[in-house]
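*Asks:* This one is start_24.cif, mmCIF, C-alpha atoms.
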data_run
#
loop_
_atom_site.label_atom_id
_atom_site.label_comp_id
_atom_site.auth_asym_id
_atom_site.auth_seq_id
_atom_site.Cartn_x
_atom_site.Cartn_y
_atom_site.Cartn_z
CA MET A 1 0.00 0.00 0.00
CA LEU A 2 2.76 2.46 0.95
CA TYR A 3 4.58 1.86 -2.34
CA ASN A 4 1.37 2.56 -4.29
CA LEU A 5 0.84 5.78 -2.32
CA TYR A 6 4.37 6.84 -3.17
CA GLU A 7 3.70 6.23 -6.88
CA ALA A 8 0.38 8.10 -6.64
CA GLN A 9 2.13 11.07 -5.04
CA HIS A 10 4.55 11.25 -7.94
CA ILE A 11 1.66 11.28 -10.42
CA TRP A 12 -0.18 13.93 -8.36
CA LEU A 13 2.89 16.19 -8.46
CA THR A 14 3.20 16.00 -12.26
CA PRO A 15 1.13 19.14 -13.09
CA PHE A 16 2.93 21.11 -10.37
CA ARG A 17 6.28 20.04 -11.81
CA PHE A 18 5.10 21.13 -15.27
CA VAL A 19 4.26 24.60 -13.95
CA ALA A 20 7.57 24.82 -12.07
CA GLU A 21 9.48 23.86 -15.23
CA TRP A 22 7.68 26.57 -17.19
CA GLN A 23 8.29 29.19 -14.49
CA ARG A 24 11.96 28.30 -14.16
CA GLY A 25 12.39 28.96 -17.87
CA MET A 26 10.30 32.13 -17.81
CA PHE A 27 12.17 33.71 -14.89
CA GLY A 28 15.61 32.21 -15.41
CA HIS A 29 16.28 32.21 -19.15
CA PRO A 30 18.64 35.10 -20.03
CA PHE A 31 16.55 36.09 -23.08
CA SER A 32 13.23 36.08 -21.23
CA PRO A 33 11.61 39.53 -20.88
CA TRP A 34 10.97 38.64 -17.22
CA ALA A 35 14.62 37.94 -16.45
CA LEU A 36 15.40 41.53 -15.40
CA ALA A 37 12.33 42.01 -13.20
CA PRO A 38 12.75 42.19 -9.38
CA ILE A 39 13.15 38.88 -7.47
CA THR A 40 13.10 36.83 -10.69
CA LYS A 41 16.34 35.11 -9.69
CA GLN A 42 14.75 34.02 -6.43
CA LEU A 43 11.66 32.75 -8.29
CA ALA A 44 13.77 30.84 -10.81
CA ALA A 45 15.87 29.34 -8.01
CA SER A 46 12.75 28.34 -6.03
CA ASN A 47 11.29 26.49 -8.99
CA ASP A 48 14.61 24.79 -9.72
CA LEU A 49 14.85 23.60 -6.11
CA PHE A 50 11.26 22.31 -6.18
CA LEU A 51 11.98 20.32 -9.33
CA ARG A 52 15.10 18.74 -7.83
CA ILE A 53 13.35 17.80 -4.58
CA THR A 54 10.41 16.16 -6.34
CA GLN A 55 12.12 14.47 -9.30
CA ARG A 56 12.97 10.79 -9.71
CA TYR A 57 16.68 10.08 -9.94
CA GLU A 58 17.76 7.38 -12.35
CA LYS A 59 20.98 5.38 -12.11
CA PRO A 60 23.87 7.80 -12.77
CA ALA A 61 26.38 7.17 -15.53
CA TRP A 62 29.86 5.98 -14.63
CA ARG A 63 31.49 8.89 -16.48
CA ILE A 64 34.86 7.14 -16.71
CA ASP A 65 35.93 8.02 -20.24
CA GLU A 66 39.23 6.16 -20.11
CA ALA A 67 37.44 2.81 -19.74
CA GLU A 68 35.21 0.63 -21.85
CA ILE A 69 32.70 -1.06 -19.53
CA GLU A 70 32.05 -4.70 -20.29
CA ILE A 71 29.48 -6.99 -18.62
CA ALA A 72 31.57 -10.03 -17.78
CA LEU A 73 28.79 -11.95 -16.04
CA ASP A 74 25.08 -11.18 -16.02
CA LYS A 75 23.22 -12.59 -13.01
CA PRO A 76 19.57 -11.85 -12.15
CA PHE A 77 20.47 -9.66 -9.17
CA CYS A 78 23.96 -8.48 -10.14
CA LYS A 79 26.14 -7.75 -13.14
CA LEU A 80 29.89 -8.21 -12.89
CA LEU A 81 31.46 -5.27 -14.73
CA HIS A 82 34.98 -5.05 -16.13
CA PHE A 83 36.58 -1.66 -16.74
CA LYS A 84 38.78 -2.25 -19.77
CA HIS A 85 41.34 0.43 -20.58
CA ARG A 86 40.58 2.07 -23.92
CA HIS A 87 44.31 2.55 -24.52
CA ALA A 88 47.29 0.63 -23.20
CA ALA A 89 46.54 -1.03 -19.88
CA PRO A 90 49.17 -0.82 -17.12
CA ARG A 91 51.74 -3.59 -17.43
CA ASN A 92 51.33 -6.45 -14.95
CA ALA A 93 48.33 -4.67 -13.45
CA PRO A 94 46.99 -6.50 -10.35
CA LYS A 95 43.46 -7.80 -10.79
CA VAL A 96 41.05 -6.15 -8.31
CA LEU A 97 37.45 -7.08 -7.59
CA ILE A 98 35.52 -4.27 -5.88
CA VAL A 99 32.44 -5.56 -4.07
CA ALA A 100 30.05 -2.62 -3.96
CA PRO A 101 27.45 -2.36 -1.20
CA LEU A 102 23.90 -3.56 -1.75
CA SER A 103 22.49 -1.06 0.71
CA GLY A 104 20.38 1.42 -1.18
CA HIS A 105 22.63 3.21 -3.66
CA HIS A 106 23.90 2.21 -7.08
CA SER A 107 27.45 0.95 -7.43
CA THR A 108 28.28 4.21 -9.27
CA LEU A 109 28.65 5.66 -5.77
CA LEU A 110 32.12 4.05 -5.95
CA ARG A 111 33.08 5.98 -9.09
CA ASP A 112 36.06 7.62 -7.34
CA THR A 113 37.18 4.24 -6.03
CA VAL A 114 37.18 2.77 -9.53
CA ARG A 115 38.82 5.79 -11.14
CA ALA A 116 41.72 5.83 -8.67
CA LEU A 117 42.32 2.09 -8.88
CA MET A 118 42.18 2.04 -12.69
CA ALA A 119 45.41 3.99 -12.96
CA GLU A 120 47.44 0.94 -11.90
CA HIS A 121 45.02 -2.00 -11.64
CA ASP A 122 42.72 -4.21 -13.68
CA VAL A 123 39.36 -3.33 -12.10
CA TRP A 124 36.13 -5.34 -11.81
CA ILE A 125 33.06 -4.40 -9.77
CA THR A 126 29.71 -5.83 -8.67
CA ASP A 127 26.83 -3.80 -10.10
CA TRP A 128 23.72 -4.76 -8.10
CA VAL A 129 20.37 -4.69 -9.88
CA ASP A 130 17.40 -2.73 -8.53
CA ALA A 131 15.14 -5.45 -7.10
CA ARG A 132 12.00 -3.86 -8.54
CA MET A 133 13.44 -4.60 -11.99
CA VAL A 134 13.95 -8.32 -11.31
CA PRO A 135 10.94 -10.47 -12.33
CA MET A 136 9.49 -12.86 -9.77
CA ALA A 137 10.56 -15.73 -12.03
CA ALA A 138 14.17 -15.09 -10.98
CA GLY A 139 13.31 -16.30 -7.48
CA VAL A 140 14.25 -14.84 -4.10
CA PHE A 141 17.62 -13.46 -3.01
CA HIS A 142 18.91 -14.17 0.49
CA LEU A 143 22.15 -13.21 2.21
CA ALA A 144 23.36 -16.74 1.41
CA ASP A 145 22.76 -16.02 -2.29
CA TYR A 146 24.90 -12.90 -1.94
CA VAL A 147 27.74 -15.05 -0.55
CA ASP A 148 27.26 -17.50 -3.44
CA TYR A 149 27.56 -14.66 -5.96
CA ILE A 150 30.84 -13.48 -4.40
CA ARG A 151 32.25 -17.01 -4.46
CA GLU A 152 31.30 -17.36 -8.11
CA PHE A 153 32.97 -14.06 -9.00
CA ILE A 154 36.14 -15.02 -7.12
CA ARG A 155 36.26 -18.37 -8.91
CA LEU A 156 35.87 -16.60 -12.25
CA LEU A 157 38.66 -14.09 -11.60
CA SER A 158 41.15 -16.30 -9.75
CA PRO A 159 44.05 -16.75 -9.44
CA ASP A 160 46.06 -13.68 -8.40
CA LEU A 161 43.00 -11.71 -7.33
CA HIS A 162 42.66 -8.88 -4.81
CA VAL A 163 39.25 -8.21 -3.24
CA ILE A 164 38.07 -4.84 -1.90
CA SER A 165 34.76 -4.68 -0.01
CA VAL A 166 33.16 -1.36 0.90
CA CYS A 167 30.75 -1.08 3.85
CA GLN A 168 27.95 -3.68 3.89
CA PRO A 169 29.70 -6.41 1.84
CA THR A 170 32.57 -6.80 4.30
CA VAL A 171 30.48 -9.46 6.09
CA PRO A 172 29.46 -11.62 3.07
CA VAL A 173 32.92 -11.21 1.51
CA LEU A 174 34.59 -12.47 4.69
CA CYS A 175 32.09 -15.36 4.74
CA ALA A 176 32.81 -16.22 1.11
CA ILE A 177 36.59 -16.18 1.48
CA ALA A 178 36.42 -18.17 4.73
CA LEU A 179 34.24 -20.87 3.18
CA MET A 180 36.50 -21.08 0.13
CA ALA A 181 39.61 -21.26 2.31
CA GLU A 182 38.12 -24.17 4.24
CA THR A 183 37.37 -26.19 1.10
CA GLY A 184 40.45 -25.08 -0.85
CA GLU A 185 38.36 -25.00 -4.02
CA VAL A 186 40.37 -22.25 -5.78
CA SER A 187 43.50 -20.22 -5.26
CA PRO A 188 42.60 -17.79 -2.44
CA PRO A 189 42.64 -14.03 -3.05
CA LYS A 190 46.05 -12.48 -2.45
CA THR A 191 44.55 -9.70 -0.33
CA MET A 192 41.21 -8.60 1.07
CA VAL A 193 40.72 -4.91 1.85
CA MET A 194 37.71 -4.17 4.09
CA MET A 195 36.55 -0.58 4.33
CA GLY A 196 34.00 0.81 6.80
CA GLY A 197 31.96 -2.37 7.31
CA PRO A 198 29.98 -3.90 10.20
CA ILE A 199 32.06 -7.00 10.92
CA ASP A 200 31.16 -6.58 14.62
CA ALA A 201 28.28 -4.11 14.95
CA ARG A 202 28.47 -4.23 18.75
CA LYS A 203 31.49 -1.93 18.72
CA SER A 204 30.87 1.85 18.77
CA PRO A 205 27.20 1.46 17.76
CA THR A 206 25.81 4.17 15.48
CA ALA A 207 22.24 5.26 14.74
CA VAL A 208 22.02 2.46 12.17
CA ASN A 209 23.00 -0.13 14.78
CA ASN A 210 20.74 1.33 17.46
CA LEU A 211 17.66 1.15 15.22
CA ALA A 212 18.25 -2.56 14.59
CA MET A 213 18.95 -3.30 18.25
CA THR A 214 15.89 -1.47 19.62
CA ARG A 215 13.32 -3.02 17.27
CA PRO A 216 12.31 -6.70 17.05
CA HIS A 217 12.94 -8.46 13.76
CA SER A 218 9.19 -8.64 13.13
CA TRP A 219 8.98 -4.82 13.25
CA PHE A 220 11.14 -4.52 10.12
CA GLU A 221 9.06 -7.06 8.22
CA ARG A 222 5.80 -5.32 9.16
CA ASN A 223 6.89 -1.72 8.65
CA VAL A 224 9.46 -1.44 5.87
CA ILE A 225 8.80 -4.37 3.53
CA GLN A 226 6.53 -3.54 0.57
CA ARG A 227 5.31 -5.16 -2.66
CA VAL A 228 6.55 -3.75 -5.97
CA PRO A 229 3.67 -2.11 -7.92
CA ASP A 230 2.51 -3.54 -11.25
CA LYS A 231 4.26 -0.90 -13.41
CA TYR A 232 7.67 -2.56 -12.83
CA PRO A 233 9.10 -5.90 -14.07
CA GLY A 234 9.44 -7.07 -10.46
CA TYR A 235 5.70 -6.72 -9.83
CA SER A 236 4.68 -8.25 -6.49
CA ARG A 237 8.26 -8.87 -5.33
CA ARG A 238 8.79 -8.11 -1.63
CA VAL A 239 11.38 -5.35 -1.23
CA TYR A 240 12.76 -2.74 1.11
CA PRO A 241 11.94 0.26 -1.13
CA GLY A 242 14.59 2.76 -2.10
CA PHE A 243 12.42 5.73 -1.18
CA LEU A 244 12.14 4.49 2.42
CA GLN A 245 15.89 4.01 2.57
CA HIS A 246 16.39 7.53 1.25
CA LEU A 247 14.17 8.91 4.00
CA GLY A 248 16.33 7.04 6.48
CA PHE A 249 19.54 8.46 5.01
CA VAL A 250 18.21 12.01 5.22
CA ALA A 251 16.79 11.51 8.73
CA MET A 252 20.29 10.69 10.03
CA ASN A 253 21.50 14.24 9.25
CA PRO A 254 18.46 16.42 8.44
CA ASP A 255 20.16 19.72 9.28
CA ARG A 256 23.06 18.97 6.95
CA HIS A 257 20.73 18.30 4.01
CA LEU A 258 18.52 21.31 4.77
CA ASN A 259 21.55 23.59 4.85
CA ALA A 260 22.89 22.05 1.63
CA HIS A 261 19.65 22.82 -0.20
CA TRP A 262 19.50 26.33 1.23
CA ASP A 263 23.08 26.90 0.05
CA TYR A 264 22.12 25.57 -3.39
CA PHE A 265 19.26 28.08 -3.56
CA ASN A 266 21.66 30.91 -2.71
CA HIS A 267 24.22 29.69 -5.27
CA LEU A 268 21.53 29.86 -7.96
CA VAL A 269 20.49 33.37 -6.92
CA LYS A 270 24.10 34.60 -6.92
CA GLY A 271 24.91 32.86 -10.19
CA ASP A 272 27.59 30.67 -8.60
CA ASP A 273 27.34 27.93 -11.22
CA ASP A 274 30.38 25.95 -10.05
CA SER A 275 29.00 25.49 -6.52
CA ALA A 276 25.53 24.69 -7.88
CA ASP A 277 27.02 22.07 -10.21
CA ARG A 278 28.87 20.42 -7.31
CA HIS A 279 25.59 20.24 -5.37
CA ARG A 280 23.81 18.67 -8.34
CA GLU A 281 26.60 16.15 -8.90
CA PHE A 282 26.51 14.98 -5.28
CA TYR A 283 22.73 14.78 -4.96
CA ASP A 284 22.23 13.19 -8.38
CA GLU A 285 24.17 10.26 -6.91
CA TYR A 286 22.88 10.46 -3.34
CA ASN A 287 19.21 10.61 -4.37
CA ALA A 288 19.46 7.71 -6.83
CA VAL A 289 18.39 4.71 -4.75
CA ILE A 290 17.41 1.11 -5.44
CA ASP A 291 15.03 -1.38 -3.85
CA LEU A 292 16.59 -4.26 -1.90
CA PRO A 293 15.24 -7.83 -1.95
CA ALA A 294 13.27 -8.29 1.28
CA GLU A 295 14.82 -11.67 2.10
CA TYR A 296 18.36 -10.31 1.84
CA TYR A 297 17.56 -7.20 3.87
CA LEU A 298 15.84 -9.11 6.68
CA ASP A 299 18.63 -11.73 6.78
CA THR A 300 21.20 -8.93 7.12
CA VAL A 301 19.31 -7.13 9.89
CA LYS A 302 19.05 -10.33 11.92
CA ALA A 303 22.47 -11.89 11.33
CA VAL A 304 24.64 -8.75 11.31
CA PHE A 305 22.87 -6.16 13.46
CA GLN A 306 20.81 -8.23 15.92
CA ASP A 307 22.42 -11.64 16.43
CA PHE A 308 26.02 -10.50 15.70
CA ALA A 309 26.43 -14.00 14.30
CA LEU A 310 29.86 -13.61 12.68
CA PRO A 311 31.83 -12.26 15.68
CA LYS A 312 30.04 -14.72 17.97
CA GLY A 313 31.09 -17.67 15.81
CA ARG A 314 27.49 -18.54 14.91
CA MET A 315 27.32 -17.46 11.28
CA PHE A 316 25.94 -20.18 9.02
CA VAL A 317 25.68 -20.07 5.23
CA ARG A 318 23.58 -22.90 3.82
CA ASP A 319 24.07 -24.90 7.03
CA ARG A 320 27.84 -24.46 6.94
CA LEU A 321 29.52 -22.67 9.83
CA VAL A 322 31.68 -19.75 8.73
CA ARG A 323 35.14 -20.06 10.30
CA PRO A 324 37.32 -16.99 9.49
CA GLN A 325 40.22 -18.63 11.31
CA THR A 326 40.61 -20.95 8.30
CA ILE A 327 41.91 -18.00 6.26
CA ARG A 328 45.71 -18.20 6.27
CA GLU A 329 47.07 -17.12 2.89
CA THR A 330 45.03 -13.96 2.21
CA ALA A 331 46.51 -10.73 3.57
CA LEU A 332 44.06 -8.45 5.41
CA LEU A 333 43.83 -4.63 5.42
CA THR A 334 41.01 -2.94 7.33
CA ILE A 335 40.22 0.76 6.95
CA GLU A 336 37.94 2.93 9.08
CA GLY A 337 37.07 6.63 9.12
CA GLU A 338 37.47 8.51 12.37
CA LEU A 339 34.15 10.34 11.82
CA ASP A 340 32.18 7.43 10.34
CA ASP A 341 28.58 7.69 11.56
CA ILE A 342 27.39 4.52 9.78
CA SER A 343 30.01 1.91 10.71
CA GLY A 344 31.52 2.91 14.05
CA ASN A 345 35.19 2.67 14.91
CA GLY A 346 36.28 -0.85 15.71
CA GLN A 347 33.54 -2.57 13.72
CA THR A 348 35.78 -3.28 10.72
CA GLU A 349 38.95 -3.73 12.74
CA ALA A 350 37.21 -6.66 14.44
CA ALA A 351 38.06 -8.75 11.36
CA HIS A 352 41.60 -9.11 12.74
CA LEU A 353 40.28 -10.87 15.85
CA LEU A 354 38.38 -13.33 13.66
CA CYS A 355 41.14 -13.96 11.10
CA LEU A 356 43.64 -14.84 13.80
CA ASN A 357 45.58 -17.33 11.67
CA ILE A 358 46.65 -14.75 9.12
CA PRO A 359 50.27 -13.98 10.08
CA ARG A 360 50.66 -10.69 11.88
CA GLU A 361 52.99 -9.29 9.21
CA ARG A 362 50.21 -9.81 6.64
CA ARG A 363 47.61 -7.81 8.55
CA GLN A 364 47.21 -4.01 8.80
CA HIS A 365 44.62 -1.58 10.14
CA TYR A 366 44.30 2.11 9.29
CA LEU A 367 42.06 4.67 11.02
CA ALA A 368 41.78 7.64 8.65
CA PRO A 369 41.72 10.93 10.62
CA ARG A 370 38.88 13.42 9.98
CA VAL A 371 37.21 11.06 7.49
CA GLY A 372 33.50 10.20 7.47
CA HIS A 373 31.84 7.18 5.92
CA TYR A 374 31.74 8.38 2.30
CA GLY A 375 35.24 9.86 2.56
CA ILE A 376 36.65 6.36 3.00
CA PHE A 377 36.05 5.55 -0.67
CA SER A 378 35.35 8.88 -2.36
CA GLY A 379 36.76 12.38 -2.54
CA ARG A 380 40.07 14.03 -1.80
CA ARG A 381 40.88 12.13 1.38
CA TRP A 382 40.27 8.80 -0.36
CA ARG A 383 42.61 9.79 -3.18
CA ASP A 384 45.33 11.39 -1.02
CA MET A 385 45.27 9.39 2.22
CA ILE A 386 43.61 6.01 1.72
CA TYR A 387 44.20 4.90 -1.86
CA PRO A 388 48.02 5.10 -1.53
CA ARG A 389 47.82 2.68 1.42
CA VAL A 390 45.56 0.31 -0.51
CA ARG A 391 47.89 0.42 -3.54
CA GLU A 392 50.96 -0.25 -1.42
CA PHE A 393 49.26 -3.11 0.43
CA ILE A 394 48.31 -4.78 -2.86
CA ARG A 395 51.85 -4.33 -4.18
CA THR A 396 53.45 -5.73 -1.03
CA HIS A 397 51.26 -8.84 -0.81
CA GLY A 398 50.65 -9.46 -4.51
#
Represent the structure of the file as structure tokens.
*Replies:*
Amino acid sequence: MLYNLYEAQHIWLTPFRFVAEWQRGMFGHPFSPWALAPITKQLAASNDLFLRITQRYEKPAWRIDEAEIEIALDKPFCKLLHFKHRHAAPRNAPKVLIVAPLSGHHSTLLRDTVRALMAEHDVWITDWVDARMVPMAAGVFHLADYVDYIREFIRLLSPDLHVISVCQPTVPVLCAIALMAETGEVSPPKTMVMMGGPIDARKSPTAVNNLAMTRPHSWFERNVIQRVPDKYPGYSRRVYPGFLQHLGFVAMNPDRHLNAHWDYFNHLVKGDDDSADRHREFYDEYNAVIDLPAEYYLDTVKAVFQDFALPKGRMFVRDRLVRPQTIRETALLTIEGELDDISGNGQTEAAHLLCLNIPRERRQHYLAPRVGHYGIFSGRRWRDMIYPRVREFIRTHG
């Protein structure tokens, strides 16, 4: 019902958006006779802001001109992408699999991560599919299926592979590598880099952790799981809708987003196009959200944020106990941001306590000063402070 109301709201706003589009052009176009009238800049800026707040945001483009993007493997819920250099690829470039989070945003959120790594690496990434676009015939998708996907991708890209997991996938990636180490089915990854993920969500709990710990599991199933409306290929699939996730993202820092939009309004009035473009670039990505399969989302809430199954030694994947201590040959680098308000300090570092049989000289931890969650994998601090450490770690243990 809630999903249908959301769709109805979008339809109801259509005539208002049409009027706002017309008024933005009338008051903002430089050749309009109204452009020189009093307060027209404010009126044009107001209509522009209304349009941005009420629009639907599609999946952003990768905008990495130096690469040709190839779909190496097309699964119902994920595409494995390969960024092939259009010109000469770096010689002896280490092969890197980036496991992007399936937590509400598109994998393009890791554009900076890909762009930095491409300079000296052969880069592959998981591109998760919006669940509302997956027909019911494809079946359900649990956390165990996520682990299976990662194992399949590692098998495809082995040997001599390096795996980087960002945020949410640190848990299923650790599960996948541990299960593969126990069976010895393929050559293990040379390194695994885990960035800002909830390996042990009991440590330094954030607002995300507190919500999961203060609500019973049944609350999430009753209140956030919806059916996809009939206008989408995934009609009737149970999902955690992207628009609800977006509300949650904004609710974590409402003042910050309100101030950002107020600043955007003022940039438009003053004609500060560069600042306005930076706002648009960030929010075009931030506002583009995807639906998550309900089974996967509920599994993650229970196993990671309520039962703390992995750090307690009670994590099972298809009736097999996950034993991180079986990992011996894969070097481990964990990275956290000092100001991370999504995965608190110590949550990712906990991987070292679980992977106790990796030799000490093959394990490192880095706490990035003055870095928030998104700064771990994007922006200036990622490029200047964190990427050089990742590059050096891969070189050392390749």
*Asks:* Contacts of His352 (chain A) at 12 Å or less, counting only C-alpha atoms, minus same-chain residues fewer than 5 places along, as a list in words?
*Replies:* Leu174, Met192, Val193, Met194, Ile199, Asp200, Pro311, Pro324, Gln325, Ile327, Arg328, Ala331, Leu332, Leu333, Thr334, Ile335, Gly346, Gln347, Asn357, Ile358, Pro359, Arg360, Glu361, Arg362, Arg363, Gln364 and His365 of chain A
*Asks:* Would you translate the PyMOL selection byres ((chain A and resi 338) around 12) into the concrete set of residues it matches in this file, as a list of chain:residue names?
*Replies:* A:Gly196, A:Ser204, A:Ile335, A:Glu336, A:Gly337, A:Leu339, A:Asp340, A:Asp341, A:Ile342, A:Ser343, A:Gly344, A:Asn345, A:Gly346, A:Gln347, A:Tyr366, A:Leu367, A:Ala368, A:Pro369, A:Arg370, A:Val371, A:Gly372, A:His373, A:Tyr374, A:Gly375, A:Ile376
*Asks:* List the spatial neighbours of Leu161 (chain A) as a ChimeraX atom specification - criterion: any atom at most 8 Å away, all atoms listed in the file, same-chain residues fewer than 3 positions off excluded.
*Replies:* /A:94-97,154,157-158,188-191
*Asks:* For the residues in that selection, give me C-alpha atoms as a CSV table (one decimal), keeping the file's coordinate frame.
*Replies:*
chain,number,residue,atom,x,y,z
A,94,PRO,CA,47.0,-6.5,-10.4
A,95,LYS,CA,43.5,-7.8,-10.8
A,96,VAL,CA,41.0,-6.2,-8.3
A,97,LEU,CA,37.4,-7.1,-7.6
A,154,ILE,CA,36.1,-15.0,-7.1
A,157,LEU,CA,38.7,-14.1,-11.6
A,158,SER,CA,41.2,-16.3,-9.8
A,188,PRO,CA,42.6,-17.8,-2.4
A,189,PRO,CA,42.6,-14.0,-3.0
A,190,LYS,CA,46.0,-12.5,-2.4
A,191,THR,CA,44.6,-9.7,-0.3
*Asks:* Determine the residue membership of the PyMOL selection byres ((chain A and resi 46-48) around 8) for the file above and supply it as a short mmCIF file (atom, residue, chain, number, x, y, z; two decimals) with C-alpha atoms, in the frame of the given file.
*Replies:*
data_model
loop_
_atom_site.label_atom_id
_atom_site.label_comp_id
_atom_site.auth_asym_id
_atom_site.auth_seq_id
_atom_site.Cartn_x
_atom_site.Cartn_y
_atom_site.Cartn_z
CA ALA A 20 7.57 24.82 -12.07
CA GLU A 21 9.48 23.86 -15.23
CA GLN A 23 8.29 29.19 -14.49
CA ARG A 24 11.96 28.30 -14.16
CA GLN A 42 14.75 34.02 -6.43
CA LEU A 43 11.66 32.75 -8.29
CA ALA A 44 13.77 30.84 -10.81
CA ALA A 45 15.87 29.34 -8.01
CA LEU A 49 14.85 23.60 -6.11
CA PHE A 50 11.26 22.31 -6.18
CA LEU A 51 11.98 20.32 -9.33
CA ARG A 52 15.10 18.74 -7.83
CA PHE A 265 19.26 28.08 -3.56
#
*Asks:* Convert the output of the PyMOL selection byres ((chain A and resi 217) around 12) on the shown file into explicit residues, formatted as a short mmCIF file (atom, residue, chain, number, x, y, z; two decimals) with C-alpha atoms, keeping the file's coordinate frame.
*Replies:*
data_model
loop_
_atom_site.label_atom_id
_atom_site.label_comp_id
_atom_site.auth_asym_id
_atom_site.auth_seq_id
_atom_site.Cartn_x
_atom_site.Cartn_y
_atom_site.Cartn_z
CA LEU A 211 17.66 1.15 15.22
CA ALA A 212 18.25 -2.56 14.59
CA MET A 213 18.95 -3.30 18.25
CA THR A 214 15.89 -1.47 19.62
CA ARG A 215 13.32 -3.02 17.27
CA PRO A 216 12.31 -6.70 17.05
CA SER A 218 9.19 -8.64 13.13
CA TRP A 219 8.98 -4.82 13.25
CA PHE A 220 11.14 -4.52 10.12
CA GLU A 221 9.06 -7.06 8.22
CA ARG A 222 5.80 -5.32 9.16
CA ASN A 223 6.89 -1.72 8.65
CA VAL A 224 9.46 -1.44 5.87
CA ILE A 225 8.80 -4.37 3.53
CA TYR A 297 17.56 -7.20 3.87
CA LEU A 298 15.84 -9.11 6.68
CA ASP A 299 18.63 -11.73 6.78
CA THR A 300 21.20 -8.93 7.12
CA VAL A 301 19.31 -7.13 9.89
CA LYS A 302 19.05 -10.33 11.92
CA ALA A 303 22.47 -11.89 11.33
CA VAL A 304 24.64 -8.75 11.31
CA PHE A 305 22.87 -6.16 13.46
CA GLN A 306 20.81 -8.23 15.92
CA ASP A 307 22.42 -11.64 16.43
#
*Asks:* Could you check which of A:Leu244, A:Ile11, A:Ala260, A:Ala176 is closest to His279 (chain A), using all atoms listed in the file?
*Replies:*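 With all atoms listed in the file as the atom set, the closest residue is A:Ala260.
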*Asks:* Give me the residues within 10 Å of region 129-137 of chain A as an mmCIF file with C-alpha atoms, in the coordinates of the input, counting all atoms listed in the file and dropping any in the same chain fewer than 3 places off.
*Replies:*
data_model
loop_
_atom_site.group_PDB
_atom_site.id
_atom_site.type_symbol
_atom_site.label_atom_id
_atom_site.label_comp_id
_atom_site.auth_asym_id
_atom_site.auth_seq_id
_atom_site.Cartn_x
_atom_site.Cartn_y
_atom_site.Cartn_z
ATOM 1 C CA LYS A 59 20.980 5.380 -12.110
ATOM 2 C CA LYS A 75 23.220 -12.590 -13.010
ATOM 3 C CA PRO A 76 19.570 -11.850 -12.150
ATOM 4 C CA PHE A 77 20.470 -9.660 -9.170
ATOM 5 C CA CYS A 78 23.960 -8.480 -10.140
ATOM 6 C CA LYS A 79 26.140 -7.750 -13.140
ATOM 7 C CA LEU A 102 23.900 -3.560 -1.750
ATOM 8 C CA GLY A 104 20.380 1.420 -1.180
ATOM 9 C CA HIS A 105 22.630 3.210 -3.660
ATOM 10 C CA HIS A 106 23.900 2.210 -7.080
ATOM 11 C CA SER A 107 27.450 0.950 -7.430
ATOM 12 C CA THR A 126 29.710 -5.830 -8.670
ATOM 13 C CA VAL A 140 14.250 -14.840 -4.100
ATOM 14 C CA PHE A 141 17.620 -13.460 -3.010
ATOM 15 C CA ARG A 227 5.310 -5.160 -2.660
ATOM 16 C CA VAL A 228 6.550 -3.750 -5.970
ATOM 17 C CA PRO A 229 3.670 -2.110 -7.920
ATOM 18 C CA ASP A 230 2.510 -3.540 -11.250
ATOM 19 C CA LYS A 231 4.260 -0.900 -13.410
ATOM 20 C CA TYR A 232 7.670 -2.560 -12.830
ATOM 21 C CA PRO A 233 9.100 -5.900 -14.070
ATOM 22 C CA GLY A 234 9.440 -7.070 -10.460
ATOM 23 C CA TYR A 235 5.700 -6.720 -9.830
ATOM 24 C CA SER A 236 4.680 -8.250 -6.490
ATOM 25 C CA ARG A 237 8.260 -8.870 -5.330
ATOM 26 C CA ARG A 238 8.790 -8.110 -1.630
ATOM 27 C CA VAL A 239 11.380 -5.350 -1.230
ATOM 28 C CA TYR A 240 12.760 -2.740 1.110
ATOM 29 C CA PRO A 241 11.940 0.260 -1.130
ATOM 30 C CA GLY A 242 14.590 2.760 -2.100
ATOM 31 C CA VAL A 289 18.390 4.710 -4.750
ATOM 32 C CA ILE A 290 17.410 1.110 -5.440
ATOM 33 C CA ASP A 291 15.030 -1.380 -3.850
ATOM 34 C CA LEU A 292 16.590 -4.260 -1.900
ATOM 35 C CA PRO A 293 15.240 -7.830 -1.950
ATOM 36 C CA ALA A 294 13.270 -8.290 1.280
#
*Asks:* Quick one: distance from CA of Pro198 (chain A) to CA of Thr348 (chain A) in Å, one decimal?
*Replies:* 5.9 Å
*Asks:* Rounded to one decimal, what separation in Å do you get between CA of Val147 (chain A) and CA of Val317 (chain A)?
*Replies:*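 Rounded to one decimal, the two atoms are 7.9 Å apart.
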*Asks:* Taking 4 positions as the minimum chain separation for residues in the same chain, which residues sit within 10 Å of Met252 (chain A) when counting only C-alpha atoms? Answer as a PyMOL selection string.
*Replies:* chain A and resi 207-208+247-248+256-257+341-342
*Asks:* Emit the selected residues as a PDB file, keeping the file's coordinate frame, including C-alpha atoms.
*Replies:*
ATOM      1  CA  ALA A 207      22.240   5.260  14.740  1.00  0.00           C
ATOM      2  CA  VAL A 208      22.020   2.460  12.170  1.00  0.00           C
ATOM      3  CA  LEU A 247      14.170   8.910   4.000  1.00  0.00           C
ATOM      4  CA  GLY A 248      16.330   7.040   6.480  1.00  0.00           C
ATOM      5  CA  ARG A 256      23.060  18.970   6.950  1.00  0.00           C
ATOM      6  CA  HIS A 257      20.730  18.300   4.010  1.00  0.00           C
ATOM      7  CA  ASP A 341      28.580   7.690  11.560  1.00  0.00           C
ATOM      8  CA  ILE A 342      27.390   4.520   9.780  1.00  0.00           C
TER       9      ILE A 342
END
